[in-house]
$ cat data-v1.tsv   # TSV, C-alpha atoms
chain	number	residue	atom	x	y	z
A	1	MET	CA	27.02	40.97	125.80
A	2	GLN	CA	23.20	40.65	125.91
A	3	GLN	CA	23.14	41.68	129.60
A	4	ARG	CA	25.20	44.80	128.75
A	5	ALA	CA	22.79	45.72	125.91
A	6	ASN	CA	19.84	45.31	128.27
A	7	MET	CA	21.51	47.49	130.89
A	8	ASP	CA	22.26	50.20	128.32
A	9	TRP	CA	18.61	50.15	127.24
A	10	MET	CA	17.41	50.45	130.85
A	11	LEU	CA	19.76	53.36	131.52
A	12	LYS	CA	18.52	55.06	128.35
A	13	ASP	CA	14.94	54.53	129.51
A	14	LEU	CA	15.74	56.14	132.88
A	15	ALA	CA	17.45	59.13	131.25
A	16	GLU	CA	14.78	59.73	128.64
A	17	SER	CA	11.86	59.33	131.05
A	18	VAL	CA	13.04	62.22	133.23
A	19	PRO	CA	13.53	65.53	131.40
A	20	GLN	CA	16.85	67.28	132.06
A	21	THR	CA	18.76	64.08	132.87
A	22	ARG	CA	22.28	64.41	131.44
A	23	GLN	CA	24.17	61.25	132.26
A	24	VAL	CA	23.59	57.86	133.89
A	25	VAL	CA	26.44	55.58	134.96
A	26	VAL	CA	26.55	52.22	136.71
A	27	LEU	CA	29.82	51.64	138.53
A	28	SER	CA	31.51	49.16	140.81
A	29	ALA	CA	32.43	50.10	144.37
A	30	ASP	CA	36.04	50.51	143.27
A	31	GLY	CA	35.10	53.10	140.66
A	32	LEU	CA	35.04	51.09	137.44
A	33	ARG	CA	32.35	52.02	134.91
A	34	MET	CA	30.07	49.07	134.18
A	35	ALA	CA	27.52	50.81	131.91
A	36	GLN	CA	26.69	54.33	130.82
A	37	TYR	CA	24.24	56.49	128.93
A	38	GLY	CA	24.39	60.12	127.87
A	39	ALA	CA	28.11	60.90	127.90
A	40	ASP	CA	31.35	59.89	126.30
A	41	THR	CA	33.42	57.13	127.86
A	42	ASP	CA	36.05	59.47	129.35
A	43	SER	CA	33.39	61.54	131.13
A	44	ALA	CA	31.66	58.40	132.42
A	45	ASP	CA	34.99	57.03	133.67
A	46	ARG	CA	35.78	60.28	135.53
A	47	LEU	CA	32.33	60.26	137.12
A	48	ALA	CA	32.69	56.61	138.15
A	49	ALA	CA	36.07	57.29	139.76
A	50	ALA	CA	34.70	60.31	141.67
A	51	CYS	CA	31.72	58.25	142.83
A	52	ALA	CA	33.99	55.65	144.42
A	53	GLY	CA	35.42	58.37	146.65
A	54	LEU	CA	31.99	59.76	147.47
A	55	GLN	CA	30.55	56.41	148.47
A	56	SER	CA	33.57	55.81	150.69
A	57	LEU	CA	33.05	59.17	152.41
A	58	ALA	CA	29.32	58.45	152.79
A	59	VAL	CA	30.11	55.15	154.53
A	60	ALA	CA	32.41	57.01	156.95
A	61	VAL	CA	29.63	59.50	157.73
A	62	ALA	CA	27.05	56.69	158.12
A	63	SER	CA	29.16	55.13	160.86
A	64	GLU	CA	28.61	58.27	162.95
A	65	PHE	CA	24.88	57.56	163.28
A	66	PRO	CA	23.85	55.40	166.24
A	67	GLY	CA	22.25	52.19	165.00
A	68	SER	CA	23.51	52.65	161.45
A	69	ASP	CA	24.49	49.57	159.49
A	70	GLY	CA	27.27	51.71	157.97
A	71	ARG	CA	26.04	51.36	154.40
A	72	MET	CA	25.46	54.21	152.00
A	73	ARG	CA	22.05	54.25	150.32
A	74	LEU	CA	21.86	57.64	148.62
A	75	VAL	CA	24.03	60.73	148.20
A	76	VAL	CA	22.61	63.89	146.64
A	77	ILE	CA	24.75	66.89	145.77
A	78	GLU	CA	23.31	70.15	144.49
A	79	VAL	CA	25.69	72.44	142.62
A	80	THR	CA	25.26	75.49	140.45
A	81	GLY	CA	23.81	74.04	137.28
A	82	GLY	CA	22.35	70.81	138.53
A	83	LEU	CA	22.04	67.84	140.81
A	84	PHE	CA	24.07	64.68	141.30
A	85	TYR	CA	22.63	61.43	142.69
A	86	LEU	CA	24.54	58.33	143.79
A	87	MET	CA	22.47	55.32	144.89
A	88	ALA	CA	23.49	51.85	146.07
A	89	ALA	CA	22.32	49.54	143.29
A	90	GLY	CA	23.34	46.01	144.16
A	91	ALA	CA	26.16	44.10	145.78
A	92	GLY	CA	29.19	46.30	145.17
A	93	ALA	CA	27.51	48.45	142.51
A	94	TYR	CA	26.13	51.99	142.35
A	95	LEU	CA	23.88	54.02	140.07
A	96	ALA	CA	24.93	57.63	139.41
A	97	VAL	CA	22.88	60.32	137.68
A	98	LEU	CA	23.78	63.88	136.66
A	99	ALA	CA	20.83	66.18	135.94
A	100	ASP	CA	20.40	69.82	135.00
A	101	ASP	CA	18.81	72.49	137.20
A	102	GLY	CA	15.06	72.21	137.09
A	103	VAL	CA	14.97	68.41	137.05
A	104	ASP	CA	12.09	66.96	139.05
A	105	ALA	CA	14.13	65.70	142.02
A	106	GLY	CA	11.33	63.48	143.31
A	107	LEU	CA	10.80	61.89	139.91
A	108	ILE	CA	14.47	61.14	139.32
A	109	GLY	CA	14.79	59.62	142.79
A	110	ALA	CA	11.70	57.47	142.26
A	111	ARG	CA	12.87	56.29	138.82
A	112	MET	CA	16.28	55.42	140.23
A	113	ARG	CA	14.71	53.41	143.07
A	114	ASP	CA	12.41	51.64	140.60
A	115	LEU	CA	15.34	50.73	138.36
A	116	VAL	CA	17.39	49.40	141.26
A	117	ALA	CA	14.42	47.38	142.54
A	118	ARG	CA	13.76	45.87	139.12
A	119	ILE	CA	17.31	44.99	138.16
A	120	GLY	CA	19.41	45.32	141.30
A	121	GLU	CA	20.69	41.75	141.04
A	122	HIS	CA	22.03	42.58	137.56
A	123	LEU	CA	23.65	45.78	138.87
A	124	SER	CA	26.22	44.01	140.97
A	125	SER	CA	29.93	43.74	140.76
A	126	PRO	CA	31.52	40.50	142.00
A	127	PRO	CA	34.44	40.85	144.40
A	128	ARG	CA	37.89	41.10	142.84
A	129	SER	CA	40.95	39.16	143.80
A	130	ASP	CA	44.42	39.75	142.39
A	131	GLY	CA	42.98	42.28	139.93
A	132	GLN	CA	40.66	39.70	138.38
A	133	VAL	CA	36.87	39.66	138.35
A	134	ALA	CA	35.71	36.66	140.32
$ encode --input "data-v1.tsv" --output "structure tokens"
Amino acid sequence: MQQRANMDWMLKDLAESVPQTRQVVVLSADGLRMAQYGADTDSADRLAAACAGLQSLAVAVASEFPGSDGRMRLVVIEVTGGLFYLMAAGAGAYLAVLADDGVDAGLIGARMRDLVARIGEHLSSPPRSDGQVA
């Protein structure tokens, strides 16, 4: 429980240190929400599920690049109203951020990288077998 409280605090710190950040979610590769800040649970769960599909597509695209290791590092999507970021954040885990138009894209990217570098080993999801966390 202490690790979860620490993760929530770190996600809050990321969101509050970059103006116009809406939502931060940590998810497993299979789309399960591990931690969140800035949205209700249902919204965070929907975002986590969508991210699983996006990271899978990104891996498929990565395989098209000669010399690629086939891993997704970062996906950025700009839509009317804001930006979406999905970053690899540990073994089998990802960090997702939704931000409003006008967010400092460089700052949010840097803060995400810093967070992953500081706590990447804590942002991992162990492999599952038979529906159980290993």
$ residues_around --input "data-v1.tsv" --residues "A:Arg118" --least-positions-apart "6" --cutoff "12 Å" --atoms "all atoms listed in the file" --output "tab-separated table (two decimals) with C-alpha atoms, in the frame of the given file"
chain	number	residue	atom	x	y	z
A	7	MET	CA	21.51	47.49	130.89
A	10	MET	CA	17.41	50.45	130.85
A	89	ALA	CA	22.32	49.54	143.29
A	90	GLY	CA	23.34	46.01	144.16
A	111	ARG	CA	12.87	56.29	138.82
A	112	MET	CA	16.28	55.42	140.23
$ residues_near_point --input "data-v1.tsv" --point "(20.2, 53.8, 145.9)" --cutoff "6 Å" --atoms "only C-alpha atoms" --output "list in words"
Arg73, Leu74, Met87, Ala88 and Ala89 of chain A
$ closest_residue --input "data-v1.tsv" --among "A:Ala35, A:Ala48, A:Ala58, A:Val76" --to "A:Ala99" --atoms "all atoms listed in the file"
A:Val76
$ residues_around --input "data-v1.tsv" --residues "A:Gln20" --least-positions-apart "3" --cutoff "8 Å" --atoms "only C-alpha atoms" --output "list of chain:residue names"
A:Ala99, A:Asp100, A:Asp101, A:Gly102, A:Val103
$ closest_residue --input "data-v1.tsv" --among "A:Asp69, A:Tyr85, A:Glu78, A:Asp42" --to "A:Ala110" --atoms "all atoms listed in the file"
A:Tyr85
$ atom_distance --input "data-v1.tsv" --atom1 "atom CA of A:Val25" --atom2 "atom CA of A:Ala96"
5.1 Å
$ residues_around --input "data-v1.tsv" --residues "A:Phe84" --least-positions-apart "6" --cutoff "6 Å" --atoms "only C-alpha atoms" --output "mmCIF file with C-alpha atoms, in the coordinates of the input"
data_model
loop_
_atom_site.group_PDB
_atom_site.id
_atom_site.type_symbol
_atom_site.label_atom_id
_atom_site.label_comp_id
_atom_site.auth_asym_id
_atom_site.auth_seq_id
_atom_site.Cartn_x
_atom_site.Cartn_y
_atom_site.Cartn_z
ATOM 1 C CA VAL A 76 22.610 63.890 146.640
ATOM 2 C CA ILE A 77 24.750 66.890 145.770
ATOM 3 C CA VAL A 97 22.880 60.320 137.680
ATOM 4 C CA LEU A 98 23.780 63.880 136.660
#
$ closest_residue --input "data-v1.tsv" --among "A:Leu57, A:Val24, A:Ala39, A:Met72" --to "A:Gly92" --atoms "all atoms listed in the file"
A:Met72
$ atom_distance --input "data-v1.tsv" --atom1 "atom CA of A:Ala62" --atom2 "atom CA of A:Val18"
29.1 Å
$ atom_distance --input "data-v1.tsv" --atom1 "atom CA of A:Asp40" --atom2 "atom CA of A:Leu27"
14.8 Å
$ closest_residue --input "data-v1.tsv" --among "A:Ala49, A:Leu95, A:Ala105, A:Val116" --to "A:Val26" --atoms "all atoms listed in the file"
A:Leu95
$ closest_residue --input "data-v1.tsv" --among "A:Ala93, A:Leu11, A:Ala50, A:Leu32" --to "A:Asp114" --atoms "all atoms listed in the file"
A:Leu11
$ closest_residue --input "data-v1.tsv" --among "A:Gln36, A:Ser28, A:Gln55, A:Ser43" --to "A:Trp9" --atoms "only C-alpha atoms"
A:Gln36
$ decode --input "data-v1.tsv" --residues "stretch 45-101 of chain A" --atoms "C-alpha atoms" --output "PDB file, in the first residue's frame"
ATOM      1  CA  ASP A  45      -9.602   2.566 -16.870  1.00  0.00           C
ATOM      2  CA  ARG A  46     -10.825   3.567 -20.358  1.00  0.00           C
ATOM      3  CA  LEU A  47      -7.568   5.412 -21.027  1.00  0.00           C
ATOM      4  CA  ALA A  48      -5.505   2.436 -19.832  1.00  0.00           C
ATOM      5  CA  ALA A  49      -7.422   0.056 -22.099  1.00  0.00           C
ATOM      6  CA  ALA A  50      -6.975   2.364 -25.111  1.00  0.00           C
ATOM      7  CA  CYS A  51      -3.259   2.685 -24.350  1.00  0.00           C
ATOM      8  CA  ALA A  52      -2.785  -1.084 -24.537  1.00  0.00           C
ATOM      9  CA  GLY A  53      -4.017  -0.991 -28.122  1.00  0.00           C
ATOM     10  CA  LEU A  54      -1.861   2.010 -28.986  1.00  0.00           C
ATOM     11  CA  GLN A  55       1.320   0.481 -27.627  1.00  0.00           C
ATOM     12  CA  SER A  56       0.599  -2.696 -29.586  1.00  0.00           C
ATOM     13  CA  LEU A  57       0.180  -0.675 -32.795  1.00  0.00           C
ATOM     14  CA  ALA A  58       3.365   1.278 -32.043  1.00  0.00           C
ATOM     15  CA  VAL A  59       5.308  -1.978 -31.690  1.00  0.00           C
ATOM     16  CA  ALA A  60       3.992  -3.105 -35.094  1.00  0.00           C
ATOM     17  CA  VAL A  61       5.122   0.182 -36.655  1.00  0.00           C
ATOM     18  CA  ALA A  62       8.530  -0.020 -34.913  1.00  0.00           C
ATOM     19  CA  SER A  63       9.189  -3.358 -36.589  1.00  0.00           C
ATOM     20  CA  GLU A  64       9.083  -1.595 -39.963  1.00  0.00           C
ATOM     21  CA  PHE A  65      12.246   0.393 -39.177  1.00  0.00           C
ATOM     22  CA  PRO A  66      15.533  -1.268 -40.137  1.00  0.00           C
ATOM     23  CA  GLY A  67      17.622  -1.884 -37.039  1.00  0.00           C
ATOM     24  CA  SER A  68      14.712  -1.309 -34.667  1.00  0.00           C
ATOM     25  CA  ASP A  69      14.548  -3.374 -31.509  1.00  0.00           C
ATOM     26  CA  GLY A  70      10.758  -3.391 -31.987  1.00  0.00           C
ATOM     27  CA  ARG A  71      10.003  -1.640 -28.714  1.00  0.00           C
ATOM     28  CA  MET A  72       7.790   1.395 -28.315  1.00  0.00           C
ATOM     29  CA  ARG A  73       9.341   4.287 -26.401  1.00  0.00           C
ATOM     30  CA  LEU A  74       6.944   7.190 -26.935  1.00  0.00           C
ATOM     31  CA  VAL A  75       3.675   7.862 -28.744  1.00  0.00           C
ATOM     32  CA  VAL A  76       2.325  11.400 -29.049  1.00  0.00           C
ATOM     33  CA  ILE A  77      -1.106  12.180 -30.441  1.00  0.00           C
ATOM     34  CA  GLU A  78      -2.345  15.711 -31.020  1.00  0.00           C
ATOM     35  CA  VAL A  79      -6.103  16.182 -31.241  1.00  0.00           C
ATOM     36  CA  THR A  80      -8.395  19.171 -31.173  1.00  0.00           C
ATOM     37  CA  GLY A  81      -8.258  20.224 -27.554  1.00  0.00           C
ATOM     38  CA  GLY A  82      -4.991  18.705 -26.454  1.00  0.00           C
ATOM     39  CA  LEU A  83      -2.164  16.241 -26.533  1.00  0.00           C
ATOM     40  CA  PHE A  84      -1.788  12.624 -25.466  1.00  0.00           C
ATOM     41  CA  TYR A  85       1.531  11.036 -24.480  1.00  0.00           C
ATOM     42  CA  LEU A  86       2.274   7.344 -23.924  1.00  0.00           C
ATOM     43  CA  MET A  87       5.775   6.432 -22.730  1.00  0.00           C
ATOM     44  CA  ALA A  88       7.362   3.087 -21.872  1.00  0.00           C
ATOM     45  CA  ALA A  89       7.925   3.258 -18.117  1.00  0.00           C
ATOM     46  CA  GLY A  90       9.384  -0.032 -16.968  1.00  0.00           C
ATOM     47  CA  ALA A  91       9.150  -3.727 -17.676  1.00  0.00           C
ATOM     48  CA  GLY A  92       5.604  -4.164 -18.964  1.00  0.00           C
ATOM     49  CA  ALA A  93       4.394  -0.756 -17.763  1.00  0.00           C
ATOM     50  CA  TYR A  94       3.545   2.560 -19.420  1.00  0.00           C
ATOM     51  CA  LEU A  95       2.984   6.161 -18.364  1.00  0.00           C
ATOM     52  CA  ALA A  96       0.123   8.014 -20.080  1.00  0.00           C
ATOM     53  CA  VAL A  97      -0.627  11.734 -19.875  1.00  0.00           C
ATOM     54  CA  LEU A  98      -3.528  13.782 -21.247  1.00  0.00           C
ATOM     55  CA  ALA A  99      -2.939  17.534 -21.464  1.00  0.00           C
ATOM     56  CA  ASP A 100      -4.907  20.518 -22.721  1.00  0.00           C
ATOM     57  CA  ASP A 101      -3.986  22.657 -25.735  1.00  0.00           C
TER      58      ASP A 101
END
